[in-house]
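Colleague: What follows is a single structure, and I will ask about it in a moment.
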Amino acid sequence: MGDGKSLKFCAKTDVEGMGGPGDRAPQRWPFPVPLHTHHTPLCPPAVHCSPGHHYNTTTHRCVRCPVGTYQPEFGQNHCITCPGNTSTDFDGSTNVTHCKNQHCGGELGDYTGYIESPNYPGDYPANAECVWHIAPPPKRRILIVVPEIFLPIEDECGDVLVMRKNASPTSVTTYETCQTYERPIAFTSRSRKLWIQFKSNEGNSGKGFQVPYVTYDGWSRVVQARQRPVLPEQGFEG
Ligand SMILES: [Ca+2]
């Protein structure tokens, strides 16, 4: 058994099974409690809380991990905060992969750039709403390439990417989809500026998209590249 240093004992609680999986052999009190815990030693619950839950030592209940946290293991009394600026879609998350980057939208560069769905290439979060603007310098136009886009099939366009002249729903629409396309599509904007919006609903998610664009001089003719070829060292025959 223990050497007396690796074990601590705690006051027994009279908690009965609440929210646990019920598929584990019951442990006998007293339970060993790791010494490195930062908390006052408390008896573990009489049942293990499931992954996605933590044991609330005040209410003696298994509680779902709140949004922005997760817990992959059984029988824990805390939830783990999502790394960085990520968060979960729902409470009760069981895995760090449920932590998603929520950032999206913004002003885009004059000459080249890309838009991508939040958390790309991971699944985008629920209830996302992103708006991007491309406003190229005068006389330049916008060329968009959609290499592929992954949006789950849902009723009534649950998740949608739309590009329009401006935020007005009646403005000229250049592109709109709420479906998966795995073959590239390229097009030029029908106006100089482009307003781009992506919205997702609560259910079902997908990889989304990464869409590059360039702006190009729409008035001058194609200029031939006049770059010199890279020459090898002197003495090379050719
Ligand atoms: Ca959806």
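Starting from 1 in every chain, residues are counted up; chains themselves are A, B, ... following the order of the structure tokens, and ligands are numbered from 1 as listed.
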Would you list, as a ChimeraX atom specification, the residues of segment 108-235 of chain A that end up in strand (DSSP E or B) under DSSP run on this structure's backbone?

Modeller: /A:112-116,129-134,140-146,149-150,160-164,173-177,181,185-188,194-199,208-217

Colleague: Set the distance at 8 Å and use only C-alpha atoms: which residues neighbour Pro125 of chain A once local chain neighbours fewer than 4 positions away are removed? I'd like the list as JSON, numbers by chain.

Modeller: {"A": [88, 89, 100, 101, 102, 118, 119, 200, 205]}

Colleague: Can you build me a table of chain A residues sitting at most 6 Å from ligand 1, with the closest atom pair per residue and its distance in Å to one decimal, using only C-alpha atoms and all ligand atoms, sorted by chain and residue number, as a Markdown table?

Modeller:
| residue | atom | partner | partner_atom_place_in_ligand_line | distance |
| --- | --- | --- | --- | --- |
| A:Gly158 | CA | ligand 1 | 1 (Ca) | 5.0 |
| A:Asp159 | CA | ligand 1 | 1 (Ca) | 5.0 |
| A:Ser200 | CA | ligand 1 | 1 (Ca) | 5.2 |
| A:Asn201 | CA | ligand 1 | 1 (Ca) | 4.5 |
| A:Glu202 | CA | ligand 1 | 1 (Ca) | 5.7 |
| A:Gly203 | CA | ligand 1 | 1 (Ca) | 4.5 |
| A:Asn204 | CA | ligand 1 | 1 (Ca) | 4.1 |
| A:Ser205 | CA | ligand 1 | 1 (Ca) | 4.8 |

Colleague: Could the residues in this selection be written to a file with N, CA and C atoms, as a tab-separated table (two decimals), in the first residue's frame?

Modeller:
chain	number	residue	atom	x	y	z
A	158	GLY	N	-28.17	26.76	-44.11
A	158	GLY	CA	-27.77	27.03	-42.72
A	158	GLY	C	-26.46	27.78	-42.61
A	159	ASP	N	-25.49	27.41	-43.43
A	159	ASP	CA	-24.19	28.08	-43.43
A	159	ASP	C	-23.97	28.62	-44.84
A	200	SER	N	-22.70	31.01	-40.04
A	200	SER	CA	-23.02	29.61	-39.75
A	200	SER	C	-24.12	29.58	-38.70
A	201	ASN	N	-24.87	28.52	-38.73
A	201	ASN	CA	-25.93	28.38	-37.72
A	201	ASN	C	-25.47	27.46	-36.61
A	202	GLU	N	-26.38	27.03	-35.78
A	202	GLU	CA	-25.98	26.30	-34.58
A	202	GLU	C	-25.58	24.85	-34.87
A	203	GLY	N	-26.29	24.22	-35.79
A	203	GLY	CA	-26.04	22.81	-36.03
A	203	GLY	C	-25.06	22.57	-37.17
A	204	ASN	N	-24.42	21.42	-37.18
A	204	ASN	CA	-23.56	20.96	-38.27
A	204	ASN	C	-22.49	21.99	-38.65
A	205	SER	N	-21.32	21.49	-38.85
A	205	SER	CA	-20.21	22.37	-39.21
A	205	SER	C	-19.39	21.67	-40.28

Colleague: Within 12 Å of Pro83 of chain A, counting only C-alpha atoms, which residues show up once you throw out same-chain ones fewer than 5 positions away? Write them as number ranges by chain, please.

Modeller: A: 68-70, 88, 95-101

Colleague: Could you turn the residues from that selection into a file that holds C-alpha atoms, as an mmCIF file, in the first residue's frame?

Modeller:
data_model
loop_
_atom_site.group_PDB
_atom_site.id
_atom_site.type_symbol
_atom_site.label_atom_id
_atom_site.label_comp_id
_atom_site.auth_asym_id
_atom_site.auth_seq_id
_atom_site.Cartn_x
_atom_site.Cartn_y
_atom_site.Cartn_z
ATOM 1 C CA GLY A 68 -14.769 27.598 -23.445
ATOM 2 C CA THR A 69 -13.611 24.594 -21.410
ATOM 3 C CA TYR A 70 -13.409 20.825 -21.829
ATOM 4 C CA THR A 88 -16.131 25.644 -27.687
ATOM 5 C CA ASN A 95 -11.863 17.146 -26.239
ATOM 6 C CA VAL A 96 -9.448 19.976 -26.948
ATOM 7 C CA THR A 97 -10.336 19.685 -30.630
ATOM 8 C CA HIS A 98 -13.716 21.159 -29.693
ATOM 9 C CA CYS A 99 -11.869 24.394 -28.908
ATOM 10 C CA LYS A 100 -12.176 26.515 -32.042
ATOM 11 C CA ASN A 101 -10.623 29.758 -33.143
#

Colleague: So that I can check the surroundings of Thr112 of chain A, please list as a list of chain:residue names every protein, DNA and RNA residue that reaches within 7 Å of it, counting only C-alpha atoms and ignoring chain neighbours fewer than 6 positions away.

Modeller: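 Contacts, in chain order: A:Tyr213, A:Val214, A:Thr215.
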
Colleague: Save out the residues we just selected, N, CA and C atoms, as a short mmCIF file (atom, residue, chain, number, x, y, z; two decimals), in the first residue's frame.

Modeller:
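What landed in result-v4.cif:
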data_model
loop_
_atom_site.label_atom_id
_atom_site.label_comp_id
_atom_site.auth_asym_id
_atom_site.auth_seq_id
_atom_site.Cartn_x
_atom_site.Cartn_y
_atom_site.Cartn_z
N TYR A 213 -7.43 35.83 -53.20
CA TYR A 213 -7.80 36.79 -54.23
C TYR A 213 -6.57 37.63 -54.59
N VAL A 214 -6.62 38.20 -55.75
CA VAL A 214 -5.67 39.25 -56.12
C VAL A 214 -6.48 40.40 -56.69
N THR A 215 -5.90 41.60 -56.62
CA THR A 215 -6.48 42.70 -57.39
C THR A 215 -5.52 42.98 -58.54
#
